Amino acid sequence: MGKLRALIRRSPKRFVAVVTMVAVAIVVPATLLAWGPDRQTFTTAHPADYITFNSITDNPAHGDERNFMQVREATASNTTYADSISLNAGKEYVVYMYYHNNAAANLNLVATGTYAKTEIPAVVPNGSNGTKAVGYIGASNAKPTQVWDDISFKNNTGADIALRFVPGSATIHSLGSVNGKTMADSIATTGAPLGYNALDGKVPGCNEYAGYVTFRVKADQPDFTVAKTVRVAGTSGWNESVAAKDGDTVEYQIAYKNTGTTKQNDVIVQDKLPNGIDYVPGSTYLLNSTYPNGEKMSDKLVSSTGMNIGNYSPGAAGYLKFSAKVNIDDLECGENTLKNVAFVYTANGNKHDGANVTTKTECPPEVKKIKVCDLETKEIVTINEEDFDSSKYSKNLADCDEVVKKIKVCDLKTKQIVTINEEDFDSSKYSKNLADCDEVVKKIKVCELKTKEIVTINEADFDSSKYSKDLSDCDTPETPPELPTTGIAENVVAVIGLGALIASIAYYIASRRALV
């Protein structure tokens, strides 16, 4: 704070008034902030040697100039400026944006085309912990040509909040001739020029030419109610549902009320009548602050476009009343609930509500139906009991039974036994003699000439080139297991063998005798 006091002592008196307004609030640690773009930074002792904005990190009156955007509640003090704030519906907030051409004074470098611009979110959703608004400071000959910083809005009100820039609220604060002047509302769109002697975009370099801009935003929470009620004409009290008879006149009321924090212009109301309710032409009246005693209106309320009932500030209300008749001609018999719905259309959304008329329509006597046999067509049909004619119908449904006799026949073409309706019998196609479908196939045994085997075939298949009825044609001489041999060598071997056998027997007998 010693440097801050020294700067204030060295600065012109008018600048002291400017910087001391916000000095305490905006000395914020640089590590907690969000800004851009990344750029070269400077100090108060060593300013820039070219035109650049908000890049001094130790400004005694402001702190880190990269954090140049702040916000506070409109009714709070300057010491409450912060980088984020929680919104409350209906309140206004002041946004602060600091600007400073950091070029050293002895260089006489003047920024041209200097401007301030902001982007404010249209809606801050319920539950948001940081919906951003962004501020921009720029000049055509600066490096970089534009710098930015942001603030955030929080919303825990239970419903979305619309942020509105307050027209005519942007003001410049400076030691120059522009101090206290109202800036163009374009600051909230395309940007508005800054300056020192005039709002001409020219800002010289050095501390005494610095300044700041403030503007306001309002936290709006648009809302409204619509209520549709009904009563039978001649009765008191409005209800959500009434009972009425055919031909009764009923009266409807549509109540609109602006329950939000913003004015709603050109509110449109439209009523959609159900089948069974006929609008009474010329019966619509509007009561509001413009017409405190009620005013007869056109019949546009029940048209496809609806009726414009005017503009309504927060808390204001409007009431429409009209008449209709109950007409049951096109209704189904029995209990009917006729729901009449009113629609309200605004720039902040649409709503609707309905009221019911219940009515009862008598049903004609029930016609008894019976099933009968149509004697001509032999079909069972359903007719009104009163239309029964014994010459045409029979209540005995068995009279429509048809007994179709089935018979088994021989299909002469396929030689298959089939079942047909007796009435379909045709002697040229069928035979009642089932034996006509029997086929006796004569079998014969033959010699198959190729294989010399005896086989059985259908007699009709006999072919003398393939078969022979003479079974002996398949006989073949038997082959002995071993052909006889008659050579001399074989006879000698046989004689030698026989002699050996006789010698062996003689030797055996002699040996037996020796033992005895």
# chains A, B, ... in the order shown; residues from 1 in each chain; ligands from 1
$ residues_around --residues "Cys206 in chain A" --least-positions-apart "2" --cutoff "9 Å" --atoms "only C-alpha atoms" --output "list in words"
Pro47, His100, Asn101, Asn102, Ala103, Ala104, Ala105, Asn106, Asn108, Pro204, Glu208, Tyr209 and Ala210 of chain A
$ residues_around --residues "Thr112 in chain A" --least-positions-apart "3" --cutoff "6 Å" --atoms "only C-alpha atoms" --output "list in words"
Ala139, Ser140, Gly201 and Lys202 of chain A
$ write_last_selection --atoms "C-alpha atoms" --output "compact mmCIF listing (two decimals), in the first residue's frame"
# COMPACT_ATOMS: atom_id res chain seq x y z
CA ALA A 139 -7.13 -0.58 -30.15
CA SER A 140 -6.26 -0.79 -33.83
CA GLY A 201 -10.87 6.23 -29.73
CA LYS A 202 -7.64 8.14 -28.87
$ closest_residue --among "A:Cys363, A:Ala219, A:Ala255, A:Ala48" --to "Cys333 in chain A" --atoms "only C-alpha atoms"
A:Cys363
$ select_by_dssp --residues "range 41-270 of chain A" --states "strand (DSSP E)" --output "PyMOL selection string"
chain A and resi 69-73+84-86+92-99+110-111+115-119+123-124+131-138+146-154+161-165+171-174+192-193+203-204+211-220+224-232+241-243+249-258+268-270
$ write_last_selection --atoms "C-alpha atoms" --output "PDB file, in the first residue's frame"
ATOM      1  CA  MET A  69     -13.278  -6.656 -15.150  1.00  0.00           C
ATOM      2  CA  GLN A  70     -15.218  -6.764 -11.846  1.00  0.00           C
ATOM      3  CA  VAL A  71     -18.863  -6.814 -10.668  1.00  0.00           C
ATOM      4  CA  ARG A  72     -20.889  -5.777  -7.604  1.00  0.00           C
ATOM      5  CA  GLU A  73     -24.525  -5.400  -6.617  1.00  0.00           C
ATOM      6  CA  SER A  84     -18.027 -13.578  -9.386  1.00  0.00           C
ATOM      7  CA  ILE A  85     -21.388 -12.872  -7.821  1.00  0.00           C
ATOM      8  CA  SER A  86     -24.607 -14.723  -6.936  1.00  0.00           C
ATOM      9  CA  GLU A  92     -29.282  -4.739 -10.783  1.00  0.00           C
ATOM     10  CA  TYR A  93     -25.502  -5.189 -10.871  1.00  0.00           C
ATOM     11  CA  VAL A  94     -22.671  -2.801 -11.791  1.00  0.00           C
ATOM     12  CA  VAL A  95     -19.910  -4.118 -14.045  1.00  0.00           C
ATOM     13  CA  TYR A  96     -16.508  -2.343 -13.987  1.00  0.00           C
ATOM     14  CA  MET A  97     -13.873  -2.440 -16.778  1.00  0.00           C
ATOM     15  CA  TYR A  98     -10.454  -0.764 -16.342  1.00  0.00           C
ATOM     16  CA  TYR A  99      -8.324   0.400 -19.295  1.00  0.00           C
ATOM     17  CA  VAL A 110      -1.371   7.394 -28.658  1.00  0.00           C
ATOM     18  CA  ALA A 111      -3.649   4.383 -29.094  1.00  0.00           C
ATOM     19  CA  TYR A 115     -12.845   0.637 -27.623  1.00  0.00           C
ATOM     20  CA  ALA A 116     -14.560  -1.297 -24.843  1.00  0.00           C
ATOM     21  CA  LYS A 117     -16.927  -4.198 -25.491  1.00  0.00           C
ATOM     22  CA  THR A 118     -18.734  -6.760 -23.384  1.00  0.00           C
ATOM     23  CA  GLU A 119     -20.591 -10.013 -23.934  1.00  0.00           C
ATOM     24  CA  VAL A 123     -29.578 -16.558 -19.478  1.00  0.00           C
ATOM     25  CA  VAL A 124     -27.915 -17.816 -16.314  1.00  0.00           C
ATOM     26  CA  THR A 131     -21.805 -18.459 -16.238  1.00  0.00           C
ATOM     27  CA  LYS A 132     -19.263 -16.130 -17.825  1.00  0.00           C
ATOM     28  CA  ALA A 133     -19.531 -12.534 -19.002  1.00  0.00           C
ATOM     29  CA  VAL A 134     -16.497 -11.283 -20.975  1.00  0.00           C
ATOM     30  CA  GLY A 135     -15.057  -7.775 -21.290  1.00  0.00           C
ATOM     31  CA  TYR A 136     -12.750  -6.610 -24.105  1.00  0.00           C
ATOM     32  CA  ILE A 137     -10.386  -3.610 -24.402  1.00  0.00           C
ATOM     33  CA  GLY A 138      -8.733  -3.047 -27.765  1.00  0.00           C
ATOM     34  CA  GLN A 146      -7.439  -6.855 -28.055  1.00  0.00           C
ATOM     35  CA  VAL A 147      -7.241  -8.120 -24.470  1.00  0.00           C
ATOM     36  CA  TRP A 148     -10.003  -9.730 -22.450  1.00  0.00           C
ATOM     37  CA  ASP A 149     -11.052 -10.648 -18.932  1.00  0.00           C
ATOM     38  CA  ASP A 150     -14.177 -12.276 -17.522  1.00  0.00           C
ATOM     39  CA  ILE A 151     -16.496 -12.410 -14.529  1.00  0.00           C
ATOM     40  CA  SER A 152     -18.964 -15.135 -13.560  1.00  0.00           C
ATOM     41  CA  PHE A 153     -22.578 -15.176 -12.402  1.00  0.00           C
ATOM     42  CA  LYS A 154     -24.038 -17.811 -10.095  1.00  0.00           C
ATOM     43  CA  ILE A 161     -32.449 -15.836 -14.701  1.00  0.00           C
ATOM     44  CA  ALA A 162     -32.261 -13.607 -17.771  1.00  0.00           C
ATOM     45  CA  LEU A 163     -29.502 -10.979 -17.709  1.00  0.00           C
ATOM     46  CA  ARG A 164     -30.455  -7.684 -19.383  1.00  0.00           C
ATOM     47  CA  PHE A 165     -28.051  -4.880 -20.265  1.00  0.00           C
ATOM     48  CA  THR A 171     -20.480   5.586 -18.290  1.00  0.00           C
ATOM     49  CA  ILE A 172     -16.787   6.443 -18.753  1.00  0.00           C
ATOM     50  CA  HIS A 173     -14.663   7.647 -15.822  1.00  0.00           C
ATOM     51  CA  SER A 174     -11.420   9.485 -16.615  1.00  0.00           C
ATOM     52  CA  ALA A 192     -18.125   1.570 -28.025  1.00  0.00           C
ATOM     53  CA  PRO A 193     -15.194   4.023 -28.475  1.00  0.00           C
ATOM     54  CA  VAL A 203      -5.970   7.206 -25.568  1.00  0.00           C
ATOM     55  CA  PRO A 204      -2.403   8.462 -24.873  1.00  0.00           C
ATOM     56  CA  GLY A 211      -9.761   5.205 -16.785  1.00  0.00           C
ATOM     57  CA  TYR A 212     -12.608   2.789 -16.387  1.00  0.00           C
ATOM     58  CA  VAL A 213     -16.090   2.101 -17.671  1.00  0.00           C
ATOM     59  CA  THR A 214     -19.138   1.053 -15.660  1.00  0.00           C
ATOM     60  CA  PHE A 215     -22.490  -0.256 -16.869  1.00  0.00           C
ATOM     61  CA  ARG A 216     -25.450  -2.063 -15.360  1.00  0.00           C
ATOM     62  CA  VAL A 217     -27.136  -5.392 -15.945  1.00  0.00           C
ATOM     63  CA  LYS A 218     -30.441  -6.493 -14.463  1.00  0.00           C
ATOM     64  CA  ALA A 219     -31.271 -10.015 -13.284  1.00  0.00           C
ATOM     65  CA  ASP A 220     -34.719 -10.668 -14.686  1.00  0.00           C
ATOM     66  CA  PHE A 224     -46.627 -15.158 -15.245  1.00  0.00           C
ATOM     67  CA  THR A 225     -49.740 -17.115 -14.366  1.00  0.00           C
ATOM     68  CA  VAL A 226     -52.885 -17.914 -16.321  1.00  0.00           C
ATOM     69  CA  ALA A 227     -56.095 -19.215 -14.748  1.00  0.00           C
ATOM     70  CA  LYS A 228     -59.262 -20.264 -16.606  1.00  0.00           C
ATOM     71  CA  THR A 229     -62.581 -20.489 -14.681  1.00  0.00           C
ATOM     72  CA  VAL A 230     -66.266 -20.880 -15.576  1.00  0.00           C
ATOM     73  CA  ARG A 231     -69.766 -20.366 -14.163  1.00  0.00           C
ATOM     74  CA  VAL A 232     -73.347 -20.765 -15.359  1.00  0.00           C
ATOM     75  CA  SER A 241     -65.863 -27.043 -13.555  1.00  0.00           C
ATOM     76  CA  VAL A 242     -69.659 -26.627 -13.677  1.00  0.00           C
ATOM     77  CA  ALA A 243     -72.619 -28.765 -14.786  1.00  0.00           C
ATOM     78  CA  THR A 249     -75.328 -19.920 -21.241  1.00  0.00           C
ATOM     79  CA  VAL A 250     -72.011 -20.210 -19.448  1.00  0.00           C
ATOM     80  CA  GLU A 251     -69.464 -17.460 -18.717  1.00  0.00           C
ATOM     81  CA  TYR A 252     -65.681 -17.934 -18.847  1.00  0.00           C
ATOM     82  CA  GLN A 253     -62.956 -15.846 -17.228  1.00  0.00           C
ATOM     83  CA  ILE A 254     -59.259 -15.817 -18.175  1.00  0.00           C
ATOM     84  CA  ALA A 255     -56.937 -14.221 -15.603  1.00  0.00           C
ATOM     85  CA  TYR A 256     -53.357 -13.275 -16.579  1.00  0.00           C
ATOM     86  CA  LYS A 257     -50.832 -11.900 -14.050  1.00  0.00           C
ATOM     87  CA  ASN A 258     -47.174 -10.899 -14.519  1.00  0.00           C
ATOM     88  CA  ILE A 268     -51.492 -12.540 -26.605  1.00  0.00           C
ATOM     89  CA  VAL A 269     -54.470 -14.536 -25.297  1.00  0.00           C
ATOM     90  CA  GLN A 270     -56.313 -17.157 -27.341  1.00  0.00           C
TER      91      GLN A 270
END
$ atom_distance --atom1 "CA of Thr79 in chain A" --atom2 "CA of Met183 in chain A"
24.0 Å
$ residues_around --residues "Gly168 in chain A" --least-positions-apart "6" --cutoff "8 Å" --atoms "only C-alpha atoms" --output "PyMOL selection string"
chain A and resi 182-185
$ closest_residue --among "A:Asn156, A:Ala347, A:Val326, A:Ala342" --to "Ala233 in chain A" --atoms "only C-alpha atoms"
A:Val326
$ residues_around --residues "Val267 in chain A" --least-positions-apart "2" --cutoff "7 Å" --atoms "only C-alpha atoms" --output "PyMOL selection string"
chain A and resi 264-265+269+308-311+345-346
$ write_last_selection --atoms "C-alpha atoms" --output "short mmCIF file (atom, residue, chain, number, x, y, z; two decimals), in the first residue's frame"
data_model
loop_
_atom_site.label_atom_id
_atom_site.label_comp_id
_atom_site.auth_asym_id
_atom_site.auth_seq_id
_atom_site.Cartn_x
_atom_site.Cartn_y
_atom_site.Cartn_z
CA GLN A 264 -44.04 -8.28 -20.62
CA ASN A 265 -45.19 -6.52 -23.77
CA VAL A 269 -54.47 -14.54 -25.30
CA ASN A 308 -53.34 -8.73 -27.92
CA ILE A 309 -54.25 -7.53 -24.41
CA GLY A 310 -51.34 -5.05 -24.07
CA ASN A 311 -48.24 -4.59 -21.90
CA TYR A 345 -48.25 -16.24 -25.40
CA THR A 346 -45.41 -13.90 -24.33
#
$ atom_distance --atom1 "CA of Asp399 in chain A" --atom2 "CA of Val418 in chain A"
29.6 Å
$ atom_distance --atom1 "CA of Lys395 in chain A" --atom2 "CA of Lys371 in chain A"
7.2 Å
$ select_by_dssp --residues "range 142-319 of chain A" --states "helix (DSSP H, G or I)" --output "compact mmCIF listing (two decimals) with N, CA and C atoms, in the first residue's frame"
# COMPACT_ATOMS: atom_id res chain seq x y z
N ASP A 185 -24.74 2.36 -26.29
CA ASP A 185 -25.19 1.03 -25.86
C ASP A 185 -24.52 -0.08 -26.66
N SER A 186 -23.85 0.31 -27.74
CA SER A 186 -23.15 -0.70 -28.55
C SER A 186 -22.01 -1.35 -27.79
N ILE A 187 -21.69 -0.84 -26.59
CA ILE A 187 -20.69 -1.51 -25.76
C ILE A 187 -21.09 -2.95 -25.48
N ALA A 188 -22.41 -3.21 -25.49
CA ALA A 188 -22.91 -4.56 -25.21
C ALA A 188 -23.10 -5.38 -26.48
N ASN A 207 -0.12 6.72 -17.05
CA ASN A 207 -1.07 6.47 -15.98
C ASN A 207 -2.22 7.48 -15.95
N GLU A 208 -1.91 8.77 -16.18
CA GLU A 208 -2.96 9.77 -16.02
C GLU A 208 -4.03 9.71 -17.11
N TYR A 209 -3.77 8.95 -18.17
CA TYR A 209 -4.77 8.82 -19.24
C TYR A 209 -5.63 7.56 -19.10
N LYS A 300 -61.63 -11.50 -31.56
CA LYS A 300 -60.37 -12.15 -31.92
C LYS A 300 -59.91 -13.18 -30.89
N LEU A 301 -60.46 -13.08 -29.68
CA LEU A 301 -60.06 -14.01 -28.63
C LEU A 301 -60.21 -15.45 -29.07
N VAL A 302 -61.27 -15.75 -29.84
CA VAL A 302 -61.52 -17.14 -30.24
C VAL A 302 -61.09 -17.39 -31.69
$ closest_residue --among "A:Ala460, A:Leu87, A:Leu107, A:Val381" --to "Ala74 in chain A" --atoms "only C-alpha atoms"
A:Leu87
